[in-house]
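Participant: Structure file target_36.cif (mmCIF, C-alpha atoms) is given on the next line.
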```
data_start
loop_
_atom_site.label_atom_id
_atom_site.label_comp_id
_atom_site.auth_asym_id
_atom_site.auth_seq_id
_atom_site.Cartn_x
_atom_site.Cartn_y
_atom_site.Cartn_z
CA MET A 490 -23.31 20.25 0.48
CA THR A 491 -19.66 19.25 -0.01
CA ASN A 492 -17.92 16.37 1.67
CA SER A 493 -15.70 18.69 3.73
CA THR A 494 -18.72 20.22 5.50
CA ARG A 495 -20.26 16.84 6.33
CA ILE A 496 -17.15 15.15 7.64
CA SER A 497 -16.83 15.78 11.37
CA PRO A 498 -13.66 17.24 12.93
CA LEU A 499 -13.09 13.93 14.69
CA ALA A 500 -13.27 12.11 11.38
CA TRP A 501 -10.61 14.45 10.00
CA LEU A 502 -8.48 13.62 13.05
CA ILE A 503 -8.85 9.90 12.33
CA LEU A 504 -7.87 10.48 8.69
CA ALA A 505 -4.81 12.48 9.80
CA LEU A 506 -3.74 9.65 12.11
CA LEU A 507 -4.28 7.07 9.37
CA PHE A 508 -2.26 9.22 6.97
CA GLY A 509 0.58 9.39 9.50
CA THR A 510 0.46 5.65 10.06
CA SER A 511 0.51 5.09 6.32
CA VAL A 512 3.63 7.28 6.09
CA VAL A 513 5.42 5.16 8.70
CA THR A 514 4.21 1.93 7.12
CA TYR A 515 5.82 2.73 3.81
CA MET A 516 8.97 4.21 5.30
CA ASP A 517 9.50 0.83 6.96
CA ARG A 518 8.80 -0.91 3.67
CA VAL A 519 10.80 1.24 1.25
CA ASN A 520 13.92 1.84 3.34
CA ILE A 521 15.42 -1.54 2.45
CA SER A 522 15.28 -0.73 -1.28
CA VAL A 523 17.68 2.15 -0.54
CA THR A 524 19.89 0.43 2.05
CA ALA A 525 20.27 -2.47 -0.36
CA ARG A 526 22.88 -0.30 -2.07
CA GLN A 527 25.24 -0.92 0.87
CA MET A 528 23.77 -4.18 2.16
CA MET A 529 24.33 -6.11 -1.07
CA PRO A 530 28.10 -5.56 -1.34
CA ALA A 531 28.55 -5.81 2.43
CA PHE A 532 27.00 -9.28 2.53
CA GLY A 533 27.87 -10.40 -1.00
CA LEU A 534 24.23 -10.59 -2.09
CA THR A 535 23.25 -10.86 -5.75
CA PRO A 536 20.26 -8.97 -7.17
CA GLU A 537 18.33 -12.23 -7.30
CA GLU A 538 19.06 -12.92 -3.59
CA MET A 539 18.04 -9.40 -2.67
CA GLY A 540 14.87 -9.92 -4.68
CA LEU A 541 14.10 -12.97 -2.54
CA VAL A 542 14.46 -10.83 0.59
CA PHE A 543 12.10 -8.26 -0.91
CA SER A 544 9.62 -10.98 -1.83
CA ALA A 545 9.71 -12.52 1.66
CA PHE A 546 8.10 -9.38 3.01
CA VAL A 547 5.39 -9.50 0.38
CA VAL A 548 4.61 -13.17 1.06
CA GLY A 549 4.08 -12.48 4.77
CA TYR A 550 2.10 -9.38 3.91
CA ALA A 551 -0.15 -11.33 1.54
CA LEU A 552 -0.77 -14.23 3.92
CA PHE A 553 -2.12 -12.11 6.76
CA GLN A 554 -4.35 -9.71 4.82
CA VAL A 555 -7.65 -11.50 5.39
CA PRO A 556 -6.96 -12.47 9.03
CA GLY A 557 -5.79 -8.91 9.67
CA GLY A 558 -8.96 -7.48 8.15
CA TRP A 559 -11.11 -9.90 10.15
CA LEU A 560 -9.34 -8.87 13.36
CA ALA A 561 -10.06 -5.21 12.58
CA ASP A 562 -13.73 -6.06 11.89
CA ARG A 563 -13.97 -8.10 15.07
CA TRP A 564 -11.88 -6.17 17.61
CA GLY A 565 -11.76 -2.72 16.08
CA PRO A 566 -8.99 -0.81 14.31
CA ARG A 567 -7.74 0.96 17.45
CA LEU A 568 -6.49 -2.14 19.28
CA VAL A 569 -5.47 -4.09 16.20
CA LEU A 570 -3.52 -1.29 14.52
CA THR A 571 -1.72 -0.38 17.76
CA GLY A 572 -0.53 -3.97 18.18
CA ALA A 573 0.53 -4.12 14.56
CA LEU A 574 2.57 -0.92 14.85
CA ALA A 575 4.44 -2.32 17.82
CA TRP A 576 5.11 -5.62 16.04
CA TRP A 577 6.42 -4.19 12.80
CA SER A 578 8.54 -1.56 14.56
CA VAL A 579 10.39 -4.35 16.36
CA CYS A 580 10.83 -6.22 13.09
CA THR A 581 12.15 -3.08 11.39
CA ALA A 582 14.85 -2.74 14.03
CA LEU A 583 15.68 -6.45 13.74
CA THR A 584 16.36 -6.00 10.01
CA ALA A 585 19.56 -4.17 10.99
CA LEU A 586 20.62 -7.05 13.27
CA ALA A 587 19.51 -10.13 11.32
CA ALA A 588 22.78 -10.75 9.47
CA ALA A 589 24.74 -10.91 12.73
CA SER A 590 22.12 -12.86 14.68
CA PRO A 591 22.10 -16.58 15.61
CA LEU A 592 19.39 -16.94 12.95
CA ALA A 593 22.01 -16.21 10.30
CA ASP A 594 24.18 -19.05 11.64
CA VAL A 595 21.32 -21.46 10.98
CA LEU A 596 19.72 -20.08 7.82
CA GLY A 597 22.49 -17.95 6.34
CA ILE A 598 22.32 -14.21 5.81
CA VAL A 599 19.71 -14.37 3.06
CA GLY A 600 17.54 -16.71 5.11
CA ALA A 601 17.80 -14.58 8.25
CA LEU A 602 16.90 -11.40 6.39
CA ALA A 603 14.04 -13.18 4.66
CA VAL A 604 12.58 -14.44 7.94
CA VAL A 605 12.69 -10.98 9.54
CA ARG A 606 11.15 -9.33 6.50
CA PHE A 607 8.48 -12.05 6.36
CA ALA A 608 7.60 -11.27 9.99
CA LEU A 609 7.53 -7.56 9.16
CA GLY A 610 5.07 -8.32 6.36
CA LEU A 611 2.78 -10.18 8.76
CA GLY A 612 2.57 -7.10 10.97
CA GLU A 613 2.09 -4.57 8.20
CA ALA A 614 -0.63 -6.71 6.62
CA VAL A 615 -3.01 -5.45 9.30
CA ALA A 616 -2.59 -1.80 8.31
CA LEU A 617 -4.63 -1.17 5.16
CA PRO A 618 -7.60 -3.43 6.06
CA SER A 619 -7.70 -1.62 9.43
CA PHE A 620 -7.64 1.70 7.57
CA ASN A 621 -10.63 0.58 5.51
CA ARG A 622 -12.49 -0.54 8.64
CA ALA A 623 -11.85 2.85 10.28
CA VAL A 624 -12.85 4.81 7.17
CA THR A 625 -16.04 2.77 6.84
CA ASN A 626 -16.91 3.46 10.48
CA TRP A 627 -16.14 7.18 10.43
CA MET A 628 -16.94 8.46 6.91
CA PRO A 629 -20.29 9.07 5.18
CA PRO A 630 -21.03 6.49 2.45
CA ASP A 631 -20.45 8.99 -0.36
CA ALA A 632 -17.08 10.12 1.01
CA ARG A 633 -15.35 6.81 1.58
CA GLY A 634 -13.34 7.01 -1.62
CA LEU A 635 -11.95 10.34 -0.46
CA GLY A 636 -11.34 8.97 3.03
CA ILE A 637 -9.39 5.92 1.95
CA GLY A 638 -7.60 8.01 -0.68
CA ILE A 639 -6.32 10.37 2.02
CA ALA A 640 -5.38 7.50 4.34
CA ILE A 641 -3.54 5.52 1.70
CA GLY A 642 -2.09 8.74 0.27
CA GLY A 643 0.41 8.57 3.11
CA ILE A 644 2.03 5.86 1.04
CA GLY A 645 3.11 8.57 -1.37
CA PHE A 646 4.53 10.86 1.30
CA GLY A 647 6.31 8.09 3.21
CA SER A 648 7.73 6.57 0.07
CA ALA A 649 8.70 9.99 -1.32
CA ILE A 650 10.70 11.18 1.66
CA THR A 651 12.30 7.81 2.36
CA PRO A 652 14.71 7.46 -0.61
CA PRO A 653 16.50 10.82 -0.21
CA LEU A 654 16.33 10.74 3.59
CA ALA A 655 17.46 7.13 3.86
CA ALA A 656 20.23 7.72 1.33
CA TRP A 657 21.50 10.72 3.31
CA ILE A 658 21.38 8.83 6.62
CA MET A 659 23.04 5.81 5.00
CA VAL A 660 25.90 7.88 3.57
CA ASN A 661 26.53 9.68 6.86
CA TRP A 662 25.68 7.09 9.53
CA ARG A 663 25.58 3.70 7.76
CA TRP A 664 22.58 1.74 6.63
CA GLN A 665 21.70 0.21 10.03
CA THR A 666 20.73 3.63 11.39
CA VAL A 667 17.97 3.89 8.80
CA PHE A 668 16.16 0.91 10.33
CA TYR A 669 16.60 2.07 13.94
CA LEU A 670 15.15 5.51 13.21
CA SER A 671 12.26 4.02 11.23
CA ALA A 672 11.44 1.71 14.14
CA GLY A 673 11.39 4.66 16.55
CA LEU A 674 8.93 6.55 14.37
CA GLY A 675 6.65 3.50 14.35
CA VAL A 676 6.60 3.41 18.16
CA VAL A 677 5.71 7.12 18.31
CA MET A 678 2.87 6.63 15.80
CA GLY A 679 1.56 3.68 17.78
CA VAL A 680 1.34 5.76 20.95
CA LEU A 681 -0.47 8.57 19.12
CA TRP A 682 -2.96 6.18 17.51
CA TRP A 683 -3.78 4.43 20.80
CA THR A 684 -4.12 7.74 22.65
CA LEU A 685 -6.22 9.72 20.15
CA ALA A 686 -8.18 7.20 18.07
CA ARG A 687 -11.37 5.30 18.83
CA ASP A 688 -13.15 2.68 16.77
CA ARG A 689 -16.34 4.70 16.17
CA PRO A 690 -17.54 8.29 16.62
CA GLU A 691 -19.83 7.41 19.55
CA GLU A 692 -16.89 5.92 21.47
CA HIS A 693 -14.58 8.93 21.23
CA PHE A 694 -13.43 10.41 24.52
CA TRP A 695 -14.32 13.93 23.34
CA GLY A 696 -17.92 12.82 23.71
CA GLN A 697 -19.13 13.78 20.25
CA ARG A 698 -22.02 11.58 19.15
CA SER A 699 -22.18 10.31 15.61
CA ALA A 700 -24.19 12.32 13.13
CA LEU A 701 -23.49 9.98 10.25
CA PRO A 702 -26.16 8.15 8.24
CA ALA A 703 -27.46 4.81 9.48
CA ASP A 704 -25.15 3.00 7.07
CA THR A 705 -22.14 3.98 9.20
CA GLN A 706 -23.59 3.10 12.59
CA ARG A 707 -22.33 0.16 14.59
CA SER A 708 -23.03 -3.27 13.20
CA ASP A 709 -21.15 -6.06 14.90
CA PRO A 710 -19.74 -8.54 12.40
CA GLU A 711 -20.37 -12.23 12.50
CA THR A 712 -17.75 -14.54 13.96
CA GLY A 713 -16.88 -15.89 10.52
CA PHE A 714 -14.85 -13.97 7.96
CA PHE A 715 -17.87 -13.38 5.72
CA ARG A 716 -20.85 -15.21 4.35
CA ARG A 717 -20.62 -17.79 1.63
CA SER A 718 -22.45 -15.54 -0.83
CA ILE A 719 -19.50 -13.14 -0.90
CA PHE A 720 -17.23 -15.92 -2.14
CA GLU A 721 -19.76 -16.62 -4.89
CA HIS A 722 -19.92 -12.98 -5.97
CA SER A 723 -17.95 -12.56 -9.19
CA THR A 724 -17.31 -8.85 -8.68
CA MET A 725 -15.23 -9.57 -5.57
CA TRP A 726 -12.97 -11.92 -7.49
CA TRP A 727 -12.58 -9.51 -10.40
CA LEU A 728 -11.56 -6.89 -7.84
CA VAL A 729 -8.99 -9.31 -6.41
CA LEU A 730 -7.59 -10.13 -9.86
CA SER A 731 -7.49 -6.53 -11.02
CA TYR A 732 -5.90 -5.34 -7.79
CA SER A 733 -3.26 -8.07 -8.12
CA CYS A 734 -2.22 -6.32 -11.34
CA LEU A 735 -1.92 -3.03 -9.47
CA GLY A 736 0.14 -4.75 -6.79
CA TYR A 737 2.58 -6.17 -9.33
CA VAL A 738 3.25 -2.71 -10.72
CA ALA A 739 3.40 -0.99 -7.32
CA TYR A 740 6.11 -3.32 -6.07
CA VAL A 741 8.30 -2.57 -9.05
CA TYR A 742 8.44 1.01 -7.76
CA LEU A 743 8.79 -0.02 -4.13
CA SER A 744 11.54 -2.58 -4.70
CA TRP A 745 13.58 -1.59 -7.74
CA PHE A 746 13.03 2.01 -8.81
CA TYR A 747 15.88 3.48 -6.74
CA LEU A 748 18.32 0.78 -7.85
CA TYR A 749 17.15 1.20 -11.45
CA LEU A 750 18.05 4.89 -11.35
CA VAL A 751 21.44 4.26 -9.73
CA ASN A 752 22.53 1.11 -11.55
CA VAL A 753 20.87 1.56 -14.95
CA ARG A 754 20.43 5.31 -15.41
CA GLY A 755 23.76 6.11 -13.73
CA PHE A 756 22.76 8.50 -10.94
CA ASP A 757 24.83 8.66 -7.76
CA SER A 758 23.32 7.54 -4.43
CA LEU A 759 22.05 10.94 -3.30
CA ARG A 760 20.70 12.10 -6.67
CA GLY A 761 19.17 8.67 -7.19
CA GLY A 762 17.43 9.00 -3.85
CA LEU A 763 16.08 12.41 -4.80
CA TYR A 764 14.74 11.30 -8.19
CA ALA A 765 13.44 8.01 -6.78
CA SER A 766 11.06 10.04 -4.62
CA LEU A 767 9.24 11.59 -7.60
CA PRO A 768 6.82 8.69 -8.30
CA PHE A 769 5.77 8.80 -4.68
CA TRP A 770 5.10 12.54 -4.73
CA ALA A 771 2.86 11.74 -7.69
CA ILE A 772 1.14 9.08 -5.57
CA LEU A 773 0.59 11.62 -2.78
CA VAL A 774 -1.40 13.74 -5.25
CA GLY A 775 -3.02 10.98 -7.28
CA CYS A 776 -4.37 8.83 -4.43
CA PRO A 777 -6.64 11.34 -2.64
CA PHE A 778 -7.59 12.98 -5.94
CA GLY A 779 -8.65 9.62 -7.32
CA GLY A 780 -10.65 8.91 -4.15
CA TRP A 781 -12.45 12.24 -4.47
CA ALA A 782 -13.04 11.62 -8.18
CA THR A 783 -14.57 8.17 -7.71
CA ASP A 784 -17.01 9.56 -5.10
CA ARG A 785 -18.07 12.37 -7.43
CA LEU A 786 -18.34 10.07 -10.44
CA ALA A 787 -20.39 7.58 -8.41
CA ALA A 788 -22.73 10.37 -7.33
CA SER A 789 -23.17 11.56 -10.92
CA TYR A 790 -23.27 8.31 -12.91
CA GLY A 791 -24.10 5.58 -10.41
CA ILE A 792 -21.88 3.58 -8.17
CA THR A 793 -20.79 0.94 -10.72
CA ARG A 794 -19.95 3.39 -13.51
CA GLY A 795 -18.35 5.83 -11.08
CA ARG A 796 -16.02 3.27 -9.55
CA MET A 797 -15.26 1.81 -12.99
CA ALA A 798 -14.45 5.17 -14.55
CA ALA A 799 -11.86 6.00 -11.91
CA GLY A 800 -10.39 2.51 -11.65
CA LEU A 801 -10.18 1.75 -15.38
CA SER A 802 -8.84 5.15 -16.41
CA GLY A 803 -6.22 5.20 -13.68
CA MET A 804 -4.88 1.75 -14.56
CA ALA A 805 -4.94 2.38 -18.31
CA CYS A 806 -3.12 5.71 -18.02
CA ALA A 807 -0.58 4.12 -15.69
CA GLY A 808 0.18 1.35 -18.15
CA SER A 809 0.62 3.77 -21.02
CA ALA A 810 2.91 6.10 -19.09
CA ILE A 811 5.08 3.25 -17.83
CA VAL A 812 5.62 1.87 -21.34
CA VAL A 813 6.64 5.32 -22.59
CA GLY A 814 9.07 5.72 -19.70
CA ALA A 815 10.50 2.24 -20.18
CA PHE A 816 11.72 2.98 -23.70
CA ALA A 817 12.63 6.66 -23.28
CA ASP A 818 16.22 7.46 -24.24
CA SER A 819 16.23 10.57 -22.07
CA ALA A 820 16.61 9.91 -18.34
CA THR A 821 14.54 13.02 -17.64
CA LEU A 822 11.66 11.83 -19.82
CA ALA A 823 11.88 8.35 -18.32
CA ILE A 824 11.66 9.65 -14.75
CA ALA A 825 8.80 12.02 -15.63
CA SER A 826 6.78 9.37 -17.44
CA LEU A 827 7.37 6.66 -14.86
CA SER A 828 6.44 9.11 -12.10
CA LEU A 829 3.22 9.97 -13.91
CA GLY A 830 2.53 6.25 -14.20
CA ALA A 831 2.76 5.87 -10.42
CA GLY A 832 0.38 8.77 -9.85
CA CYS A 833 -2.14 7.32 -12.27
CA LEU A 834 -1.80 3.87 -10.70
CA TYR A 835 -2.77 5.22 -7.30
CA PHE A 836 -5.50 7.40 -8.78
CA ALA A 837 -7.32 4.07 -9.15
CA VAL A 838 -6.80 2.97 -5.54
CA GLY A 839 -9.78 4.80 -4.04
CA ALA A 840 -12.14 3.06 -6.46
CA TYR A 841 -10.85 -0.37 -5.41
CA TRP A 842 -11.05 0.17 -1.66
CA ALA A 843 -14.36 2.03 -1.69
CA SER A 844 -15.80 -0.85 -3.72
CA THR A 845 -15.19 -3.30 -0.87
CA SER A 846 -17.19 -1.06 1.48
CA ASP A 847 -19.89 -0.74 -1.19
CA LEU A 848 -20.18 -4.51 -1.34
CA SER A 849 -20.41 -5.05 2.42
CA LYS A 850 -20.00 -2.50 5.21
CA THR A 851 -20.02 -5.19 7.89
CA HIS A 852 -17.08 -7.04 6.39
CA ALA A 853 -15.19 -4.06 4.95
CA GLY A 854 -11.96 -4.99 6.75
CA ALA A 855 -11.95 -8.64 5.73
CA LEU A 856 -13.08 -7.96 2.16
CA SER A 857 -10.42 -5.32 1.64
CA GLY A 858 -7.91 -7.76 3.14
CA LEU A 859 -8.98 -10.37 0.59
CA MET A 860 -8.58 -7.84 -2.22
CA ASN A 861 -5.20 -6.74 -0.91
CA THR A 862 -4.09 -10.36 -0.77
CA GLY A 863 -4.41 -10.32 -4.54
CA ALA A 864 -2.27 -7.19 -4.72
CA ASN A 865 0.44 -8.87 -2.76
CA ILE A 866 0.37 -12.07 -4.73
CA GLY A 867 1.15 -9.87 -7.70
CA GLY A 868 3.57 -7.95 -5.52
CA ALA A 869 5.38 -11.10 -4.47
CA LEU A 870 6.15 -11.86 -8.12
CA SER A 871 7.50 -8.53 -9.31
CA PRO A 872 10.52 -8.04 -6.97
CA THR A 873 12.01 -11.34 -8.19
CA LEU A 874 10.60 -11.44 -11.72
CA THR A 875 11.63 -7.87 -12.63
CA PRO A 876 15.43 -8.36 -12.31
CA TRP A 877 15.10 -11.73 -14.09
CA LEU A 878 13.29 -10.10 -17.02
CA ALA A 879 15.91 -7.35 -17.03
CA ALA A 880 18.74 -9.90 -17.11
CA GLN A 881 17.10 -11.75 -20.01
CA TRP A 882 15.80 -8.89 -22.18
CA GLY A 883 16.90 -5.63 -20.56
CA TRP A 884 15.28 -3.10 -18.26
CA PRO A 885 13.03 -1.53 -20.92
CA MET A 886 11.26 -4.84 -21.43
CA ALA A 887 11.08 -5.50 -17.67
CA LEU A 888 9.38 -2.15 -17.10
CA ALA A 889 7.17 -2.50 -20.19
CA ALA A 890 5.94 -5.81 -18.79
CA ALA A 891 4.73 -3.91 -15.72
CA GLY A 892 2.91 -1.46 -17.99
CA ALA A 893 1.22 -4.34 -19.77
CA VAL A 894 0.09 -5.81 -16.45
CA ALA A 895 -1.50 -2.47 -15.55
CA MET A 896 -3.43 -2.51 -18.84
CA VAL A 897 -4.75 -6.00 -18.07
CA GLY A 898 -5.94 -4.73 -14.69
CA ALA A 899 -7.73 -1.87 -16.43
CA VAL A 900 -9.65 -4.21 -18.74
CA MET A 901 -10.84 -6.26 -15.75
CA TRP A 902 -12.82 -3.27 -14.48
CA LEU A 903 -15.33 -4.00 -17.25
CA LYS A 904 -16.42 -7.06 -15.23
CA ILE A 905 -16.81 -5.25 -11.88
CA ASP A 906 -20.38 -4.35 -10.76
CA VAL A 907 -20.40 -3.12 -7.17
CA ALA A 908 -24.11 -2.25 -7.32
CA GLU A 909 -24.90 -5.99 -7.48
CA LYS A 910 -24.44 -6.66 -3.77
CA PRO A 911 -24.01 -10.12 -2.24
CA ASP A 912 -26.24 -11.13 0.64
CA ALA A 913 -23.81 -10.09 3.38
#
```
Can the structure from this file be put into structure tokens for me?

Facilitator:
Amino acid sequence: MTNSTRISPLAWLILALLFGTSVVTYMDRVNISVTARQMMPAFGLTPEEMGLVFSAFVVGYALFQVPGGWLADRWGPRLVLTGALAWWSVCTALTALAAASPLADVLGIVGALAVVRFALGLGEAVALPSFNRAVTNWMPPDARGLGIGIAIGGIGFGSAITPPLAAWIMVNWRWQTVFYLSAGLGVVMGVLWWTLARDRPEEHFWGQRSALPADTQRSDPETGFFRRSIFEHSTMWWLVLSYSCLGYVAYVYLSWFYLYLVNVRGFDSLRGGLYASLPFWAILVGCPFGGWATDRLAASYGITRGRMAAGLSGMACAGSAIVVGAFADSATLAIASLSLGAGCLYFAVGAYWASTSDLSKTHAGALSGLMNTGANIGGALSPTLTPWLAAQWGWPMALAAAGAVAMVGAVMWLKIDVAEKPDA
């Protein structure tokens, strides 16, 4: 029996809502990498100062991953994700106002933008751990890779449509409008999520009882984040370290790819926006496909080998493709290879997130938050480190460094054994 026949219609609804939320999440995250084209000259910001603004978001995002996951475990993804959507929508709108606010008089423009983006990161930190909590509650155990792959696949769609759409809005109605429209979409998604979603199948207002295996039935988490044995489990820390490598590479795309195409490869704003979307279309395909693949591989070869095969191969292929794109003389080959690298990178994502549910269903939100903290520690480095490397040794070396980081993350999968569960 295939996954599609065992996943209930309500579960598909939850996945669709998570996909839509993921789209909005990354629209709110990526839009500033496009508007930076006008923001930087308007405010006299250097690339290094803009990198600090980018990194401020990632620092806030990293700090609240584990608390956000614990909140989703404790209070349920419906309430927690609704509140988070409201919070980050307000912060998105405030991004357009920060430079003219009283905060800028005290901290300067860079400081004001950094504070607002830091607050935005705190709100968005709740999203992916809440997704993992919802997927764990709603999906059969052997379909969680597919579920989280679909949910996180919205990253690809949101990030793909944002560069060309934001560039067009920016050219016609100025950069501030991009943030106002993004904030409005977040409010709409929050209303839909609160209205249609429930934490578990048995709670849904349509009255459909859960037919899922016992593994997915309600199990109230403890008041603590997780038991001590999880901290002592080496696999969890190898997941954190490996996912930090993925995060470093992902934030190169999220922060600098559009500006790389415009400033280095010489595309105009609109064409740069169009081509900057290509890696994210690759992510839209690679993420759910990788989630499906890791479930099938786990069913065929065992859970450890199945997760490893998808995670290691995705990271290794990503690193190779990025290095090729970094040194390509042809702009067309560079864009194609770098786009392939992004798709391969997110092919591995399902294996990472499903592994946290494999290790502990009860603490799936908090564990995935811990893992995603690692991604955002890596992600906090790359927005600032990438332009510095480019200034010292050129953009080919800066991008090749990201490829090398992906290869390191691939090798770490050799130490990950999700079948060896902690006592949690």

Participant: Return the single residue from A:Ala765, A:Met725, A:Val676, A:Ile496 that is closest to Val624 (chain A), with distances computed using all atoms listed in the file.

Facilitator: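 Closest to Val624 (chain A), using all atoms listed in the file: A:Ile496.
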
Participant: Could you list, as JSON, numbers by chain, every residue within 8 Å of Val838 (chain A), counting only C-alpha atoms and ignoring same-chain residues fewer than 3 positions away?

Facilitator: {"A": [638, 776, 779, 780, 800, 834, 835, 841, 842]}

Participant: Between CA of Ala815 (chain A) and CA of Tyr747 (chain A), what is the distance, to one decimal in Å?

Facilitator: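 Separation of CA of Ala815 (chain A) and CA of Tyr747 (chain A): 14.5 Å.
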
Participant: Write out as a list in words which residues come within 9 Å of Val897 (chain A) when counting all atoms listed in the file, dropping same-chain ones fewer than 5 positions away.

Facilitator: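 That gives Ser731, Cys734, Met804, Ala805, Gly808 and Gly892 of chain A.
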
Participant: Just so the selection is clear, what residues does the PyMOL selection byres ((chain A and resi 732) around 12) cover here, as a VMD selection string?

Facilitator: chain A and resid 724 to 731 733 to 739 800 to 801 804 834 to 835 837 to 842 844 to 845 857 to 868 894 to 902 905

Participant: Find the residues around Val523 (chain A) up to 7 Å (all atoms listed in the file counted), leave out those fewer than 5 positions away in its own chain, and share them as an mmCIF file with C-alpha atoms, keeping the file's coordinate frame.

Facilitator:
```cif
data_model
loop_
_atom_site.group_PDB
_atom_site.id
_atom_site.type_symbol
_atom_site.label_atom_id
_atom_site.label_comp_id
_atom_site.auth_asym_id
_atom_site.auth_seq_id
_atom_site.Cartn_x
_atom_site.Cartn_y
_atom_site.Cartn_z
ATOM 1 C CA PRO A 652 14.710 7.460 -0.610
ATOM 2 C CA ALA A 655 17.460 7.130 3.860
ATOM 3 C CA ALA A 656 20.230 7.720 1.330
ATOM 4 C CA TYR A 747 15.880 3.480 -6.740
#
```

Participant: Do you know which residues the PyMOL selection byres ((chain A and resi 787) around 12) returns on this file, as number ranges by chain?

Facilitator: A: 630-635, 779-786, 788-800, 839-840, 843-844, 847, 907-908

Participant: Restricting the calculation to all atoms listed in the file, which member of A:Ala672, A:Val677, A:Met628, A:Cys833 is positioned closest to Lys850 (chain A)?

Facilitator: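 Between A:Ala672, A:Val677, A:Met628, A:Cys833, the residue approaching Lys850 (chain A) most closely is A:Met628.
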
Participant: Tell me which residues the PyMOL selection byres ((chain A and resi 668) around 9) grabs here, as a list in words.

Facilitator: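 Those residues are Asp517, Asn520, Ile521, Thr581, Ala582, Leu583, Thr584, Ala585, Trp664, Gln665, Thr666, Val667, Tyr669, Leu670, Ser671, Ala672 and Gly673 of chain A.
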
Participant: Can you tell me how far CA of Glu691 (chain A) sits from CA of Ile641 (chain A), in Å to one decimal?

Facilitator: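 Computing the Euclidean distance for CA of Glu691 (chain A) and CA of Ile641 (chain A) yields 24.2 Å.
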
Participant: Select from region 583-627 of chain A every residue with an atom at most 9 Å from any atom of region 497-505 of chain A, then for each give the shortest pair of atoms and their distance in Å to one decimal, using all atoms listed in the file, rows by chain and rising number, as a Markdown table.

Facilitator:
```
| residue | atom | partner | partner_atom | distance |
| --- | --- | --- | --- | --- |
| A:Phe620 | CA | A:Leu504 | CA | 8.9 |
| A:Ala623 | CA | A:Ile503 | CA | 7.9 |
| A:Val624 | CA | A:Leu504 | CA | 7.7 |
| A:Trp627 | CA | A:Ala500 | CA | 5.8 |
```

Participant: Show me a table, sorted first by chain and then by increasing residue number, of the residues of region 598-689 of chain A having an atom at most 9 Å from region 755-764 of chain A, each with its shortest atom pair and the distance in Å to one decimal, counting all atoms listed in the file and written as JSON lines.

Facilitator:
```
{"residue": "A:Ala649", "atom": "CA", "partner": "A:Leu763", "partner_atom": "CA", "distance": 8.5}
{"residue": "A:Ile650", "atom": "CA", "partner": "A:Leu763", "partner_atom": "CA", "distance": 8.5}
{"residue": "A:Thr651", "atom": "CA", "partner": "A:Gly762", "partner_atom": "CA", "distance": 8.1}
{"residue": "A:Pro652", "atom": "CA", "partner": "A:Gly762", "partner_atom": "CA", "distance": 4.5}
{"residue": "A:Pro653", "atom": "CA", "partner": "A:Gly762", "partner_atom": "CA", "distance": 4.2}
{"residue": "A:Leu654", "atom": "CA", "partner": "A:Gly762", "partner_atom": "CA", "distance": 7.7}
{"residue": "A:Ala655", "atom": "CA", "partner": "A:Gly762", "partner_atom": "CA", "distance": 7.9}
{"residue": "A:Ala656", "atom": "CA", "partner": "A:Leu759", "partner_atom": "CA", "distance": 5.9}
{"residue": "A:Trp657", "atom": "CA", "partner": "A:Leu759", "partner_atom": "CA", "distance": 6.6}
{"residue": "A:Val660", "atom": "CA", "partner": "A:Ser758", "partner_atom": "CA", "distance": 8.4}
```

Participant: Write a file of the just-selected residues containing C-alpha atoms, as a compact mmCIF listing (two decimals), in the frame of the given file.

Facilitator:
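Saved the output as part-v4.txt:
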```txt
# COMPACT_ATOMS: atom_id res chain seq x y z
CA ALA A 649 8.70 9.99 -1.32
CA ILE A 650 10.70 11.18 1.66
CA THR A 651 12.30 7.81 2.36
CA PRO A 652 14.71 7.46 -0.61
CA PRO A 653 16.50 10.82 -0.21
CA LEU A 654 16.33 10.74 3.59
CA ALA A 655 17.46 7.13 3.86
CA ALA A 656 20.23 7.72 1.33
CA TRP A 657 21.50 10.72 3.31
CA VAL A 660 25.90 7.88 3.57
```

Participant: As AutoDock Vina command-line options, please report the centre and edge lengths, rounded to one decimal in Å, of the axis-aligned box that holds all listed atoms of region 892-910 of chain A with 4 Å of padding on each of the six sides.

Facilitator:
```
--center_x -11.0 --center_y -4.3 --center_z -11.8 --size_x 35.8 --size_y 13.6 --size_z 24.0
```

Participant: Pick the closest to Val569 (chain A) from A:Phe543, A:Tyr515, A:Trp682, A:Phe607: which is it, counting all atoms listed in the file?

Facilitator: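 With all atoms listed in the file as the atom set, the closest residue is A:Trp682.
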